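Each remark here refers to the structure printed beneath this line.
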Amino acid sequence: MPTKTALVTGASSGIGEATALKLQSLGYTVYGAARRLDRLEKLADRGIRPLAMDVTDDNSMQAGVERIVAEAGRIDVLVNNAGYGSFGSIEDVPLDEARRQFDVNVFGALRLTQLVLPRMREQRAGTVVNVTSMGGKIYTPLGGWYHGTKFALEALSDCLRLEAKPFGIDVVVIEPGGIATEWGGIAADKLEESSGSGPYAAQAAAVASSLRSEANAKRNSPPSVIADAIGKAVTARRPKTRYATGFGAKPLIGLRRIVSDRAFDTLISRAIGMPR
């Protein structure tokens with residue numbers, strides 16, 4: 001049996017880095033993709049194959065997939081992890097930034113999926129793992145464009161799961177909760193840039209404070225929790241369709257299922273400390 005091959009995007013840090021190492025420990029030949037090769041040096045030292053790839057650049061993605069097929073002859077696992085959080089009021093965020101977030105979080109993931117599916121269909125086997133978020137099932141103020149990308153990726157994953165099943169391809173959604181990565185700080189910076197002044201300034205201050213909260217940071221789970229879930233999914237004979245894990249993911253998703261919209265509005269606003 002040939003060694004199975006995995007491609008992990010957003011592999012330069014956090015969840016992507018931990019996932020690349022996890023899959024390598026499971027025996028996969030792993031390609032770790034990021035925009036900058038210099039940020040993949042640590043993984044390269046551990047035997048991960050570095051791949052320069054920008055998920056908003058079609059030529060970059062095509063070249064990456066072609067290289068993997070040429071070198072390894074197969075692609076067994078695709079982990080669509082590349083993404084970021086850009087917060088700000090729906091009114092304030094420039095549409096160019098909103099589109100960029102969809103380009104990275106949604107269209108980049110699905111275009112890369114389009115590129116690997118023909119190889120997986122030929123193999124009659126493969127697993128596509130889409131890293132969404134508990135933010136694809138719940139919502140928070142001033143996170144509309146980000147949540148929109150994650151809700152979209154959830155729906156697209158469900159449709160893809162049905163389409164790919166006859167070809168022996170599994171589609172799995174990973175829904176992280178609070179994870180100890182750079183994500184919160186980046187989201188807070190974007191929030192203050194978009195809505196730090198003007199009519200939403202008080203809301204922005206509250207949400208940014210929550211995103212940067214040391215108390216929350218201490219409760220956040222390590223990226224290895226998500227990597228372990230991905231490892232479990234890709235090695236299962238019949239993986240679950242969804243894995244919600246990491247700080248707060250299961251209770252918040254569960255809460256959203258059972259309370260009304262208005263009740264959730266109140267609960268999430270109080271939890272963040274939104275001004276009344």
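Here's how to read the names in the structure tokens: chain A, B, ... by the order shown, residue numbers from 1 in each chain, ligand numbers from 1 in the order shown.
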Next item on the list: Write out as a list of chain:residue names each polymer residue whose atoms come within 12 Å of Phe264 of chain A, counting only C-alpha atoms; drop sequence neighbours fewer than 2 positions from it.
Entry: A:Ile138, A:Tyr139, A:Thr140, A:Pro141, A:Leu252, A:Ile253, A:Gly254, A:Leu255, A:Arg256, A:Arg257, A:Ile258, A:Val259, A:Ser260, A:Asp261, A:Arg262, A:Thr266, A:Leu267, A:Ile268, A:Ser269, A:Arg270, A:Ala271
Checklist line | Within 7 Å of segment 90-102 of chain A using only C-alpha atoms, minus same-chain residues under 2 positions, as a PyMOL selection string | finding: chain A and resi 88+104-107+142+144-145+149+194-195
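The strand (DSSP E) portion of segment 52-224 of chain A consists of A:Ala52, A:Val77, A:Leu78, A:Val79, A:Asn80, A:Gly126, A:Thr127, A:Val128, A:Val129, A:Asn130, A:Val131, A:Ile169, A:Asp170, A:Val171, A:Val172, A:Val173, A:Ile174, A:Glu175, A:Pro176, with states taken from DSSP on the backbone.
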Checklist line | A:Gly273, A:Gly196, A:Gly10, A:Gly135 ranked by distance to Arg39 of chain A, top pick (using only C-alpha atoms) | finding: A:Gly10
Hey, could you make a per-residue contact list for segment 173-214 of chain A against segment 75-86 of chain A with 9 Å as the cut-off, showing the nearest pair of atoms and its distance in Å to one decimal, counting only C-alpha atoms, sorted by chain and number, as a Markdown table?
| residue | atom | partner | partner_atom | distance |
| --- | --- | --- | --- | --- |
| A:Trp183 | CA | A:Gly85 | CA | 6.7 |
| A:Gly184 | CA | A:Gly85 | CA | 7.8 |
| A:Ile186 | CA | A:Gly85 | CA | 7.0 |
| A:Ala187 | CA | A:Gly85 | CA | 5.0 |
| A:Ala188 | CA | A:Ser86 | CA | 8.1 |
| A:Asp189 | CA | A:Ser86 | CA | 8.5 |
| A:Lys190 | CA | A:Ser86 | CA | 5.5 |
| A:Leu191 | CA | A:Ser86 | CA | 6.7 |
Next item on the list: Would you mind listing what lies within 12 Å of segment 239-249 of chain A as a VMD selection string, with only C-alpha atoms counted and same-chain residues fewer than 5 positions away left out?
Entry: chain A and resid 15 126 to 138 154 157 to 162 165 169 to 181 216 to 234 254 to 256
Note to self: List the spatial neighbours of segment 22-37 of chain A as a list in words - criterion: any atom at most 6 Å away, only C-alpha atoms, same-chain residues fewer than 3 positions off excluded.
What the structure shows: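 Using only C-alpha atoms, the neighbours found are Lys4, Thr5, Ala6, Leu7, Val8, Thr9, Gly10, Ala11, Ser12, Thr19, Leu40, Ile48, Arg49, Pro50, Leu51, Ala52, Met53 and Asp54 of chain A.
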For the residues in that selection, give me C-alpha atoms as a PDB file, in the first residue's frame.
ATOM      1  CA  LYS A   4      -1.198   8.182   2.159  1.00  0.00           C
ATOM      2  CA  THR A   5      -0.754  11.892   1.459  1.00  0.00           C
ATOM      3  CA  ALA A   6      -2.346  14.899   3.162  1.00  0.00           C
ATOM      4  CA  LEU A   7      -2.460  18.594   2.293  1.00  0.00           C
ATOM      5  CA  VAL A   8      -3.013  21.048   5.153  1.00  0.00           C
ATOM      6  CA  THR A   9      -3.573  24.752   4.442  1.00  0.00           C
ATOM      7  CA  GLY A  10      -2.813  27.511   6.920  1.00  0.00           C
ATOM      8  CA  ALA A  11      -0.031  25.289   8.266  1.00  0.00           C
ATOM      9  CA  SER A  12       2.356  28.023   9.422  1.00  0.00           C
ATOM     10  CA  THR A  19      -2.631  19.176  12.344  1.00  0.00           C
ATOM     11  CA  LEU A  40       7.104  26.781   7.408  1.00  0.00           C
ATOM     12  CA  ILE A  48       6.705  18.175   6.644  1.00  0.00           C
ATOM     13  CA  ARG A  49       6.938  19.157   2.974  1.00  0.00           C
ATOM     14  CA  PRO A  50       6.544  22.965   2.714  1.00  0.00           C
ATOM     15  CA  LEU A  51       4.317  24.345  -0.010  1.00  0.00           C
ATOM     16  CA  ALA A  52       3.938  28.007  -0.951  1.00  0.00           C
ATOM     17  CA  MET A  53       0.225  28.502  -1.566  1.00  0.00           C
ATOM     18  CA  ASP A  54      -2.170  31.437  -1.472  1.00  0.00           C
TER      19      ASP A  54
END
Margin query: Using only C-alpha atoms, which protein or nucleic acid residues come within 12 Å of Gln62 of chain A? Drop anything in the same chain fewer than 3 positions from it, and give the result as number ranges by chain.
Written below: A: 51-59, 65-69, 108, 111-116
Go ahead and write the selection's residues with N, CA and C atoms as a short mmCIF file (atom, residue, chain, number, x, y, z; two decimals), in the first residue's frame.
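New file selection_17.cif:
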data_model
loop_
_atom_site.label_atom_id
_atom_site.label_comp_id
_atom_site.auth_asym_id
_atom_site.auth_seq_id
_atom_site.Cartn_x
_atom_site.Cartn_y
_atom_site.Cartn_z
N LEU A 51 4.94 24.01 1.26
CA LEU A 51 4.32 24.34 -0.01
C LEU A 51 3.86 25.79 0.03
N ALA A 52 4.39 26.61 -0.86
CA ALA A 52 3.94 28.01 -0.95
C ALA A 52 2.58 28.03 -1.66
N MET A 53 1.57 28.49 -0.97
CA MET A 53 0.23 28.50 -1.57
C MET A 53 -0.59 29.64 -0.98
N ASP A 54 -1.23 30.39 -1.85
CA ASP A 54 -2.17 31.44 -1.47
C ASP A 54 -3.54 30.99 -1.94
N VAL A 55 -4.46 30.79 -1.01
CA VAL A 55 -5.77 30.24 -1.38
C VAL A 55 -6.66 31.25 -2.10
N THR A 56 -6.16 32.46 -2.30
CA THR A 56 -6.89 33.42 -3.15
C THR A 56 -6.26 33.53 -4.53
N ASP A 57 -5.27 32.70 -4.82
CA ASP A 57 -4.55 32.73 -6.10
C ASP A 57 -4.71 31.37 -6.78
N ASP A 58 -5.50 31.33 -7.83
CA ASP A 58 -5.82 30.07 -8.49
C ASP A 58 -4.58 29.38 -9.03
N ASN A 59 -3.68 30.14 -9.64
CA ASN A 59 -2.46 29.54 -10.19
C ASN A 59 -1.63 28.88 -9.09
N VAL A 65 -1.27 21.59 -6.13
CA VAL A 65 -1.89 20.28 -6.32
C VAL A 65 -1.12 19.47 -7.35
N GLU A 66 -0.70 20.11 -8.42
CA GLU A 66 0.07 19.40 -9.45
C GLU A 66 1.38 18.87 -8.89
N ARG A 67 2.02 19.65 -8.02
CA ARG A 67 3.28 19.19 -7.42
C ARG A 67 3.05 17.96 -6.54
N ILE A 68 2.00 18.00 -5.74
CA ILE A 68 1.72 16.85 -4.86
C ILE A 68 1.46 15.59 -5.69
N VAL A 69 0.64 15.72 -6.72
CA VAL A 69 0.32 14.56 -7.55
C VAL A 69 1.58 14.04 -8.25
N GLY A 108 -11.64 30.11 -1.35
CA GLY A 108 -10.35 29.45 -1.39
C GLY A 108 -10.45 27.98 -1.03
N ARG A 111 -12.43 26.13 -3.86
CA ARG A 111 -11.67 26.00 -5.11
C ARG A 111 -10.60 24.93 -4.96
N LEU A 112 -9.92 24.92 -3.82
CA LEU A 112 -8.92 23.88 -3.60
C LEU A 112 -9.57 22.50 -3.57
N THR A 113 -10.76 22.43 -3.01
CA THR A 113 -11.51 21.17 -3.01
C THR A 113 -11.81 20.73 -4.44
N GLN A 114 -12.24 21.68 -5.28
CA GLN A 114 -12.48 21.36 -6.69
C GLN A 114 -11.25 20.75 -7.36
N LEU A 115 -10.08 21.26 -6.98
CA LEU A 115 -8.85 20.80 -7.62
C LEU A 115 -8.42 19.41 -7.18
N VAL A 116 -8.76 19.02 -5.93
CA VAL A 116 -8.34 17.69 -5.46
C VAL A 116 -9.40 16.61 -5.71
#
Checklist line | segment 30-254 of chain A: residues DSSP assigns to helix (DSSP H, G or I), reported as a PyMOL selection string | finding: chain A and resi 37-45+58-72+95-123+134-136+144-167+183-195+201-212+214-219+223-235+249-254
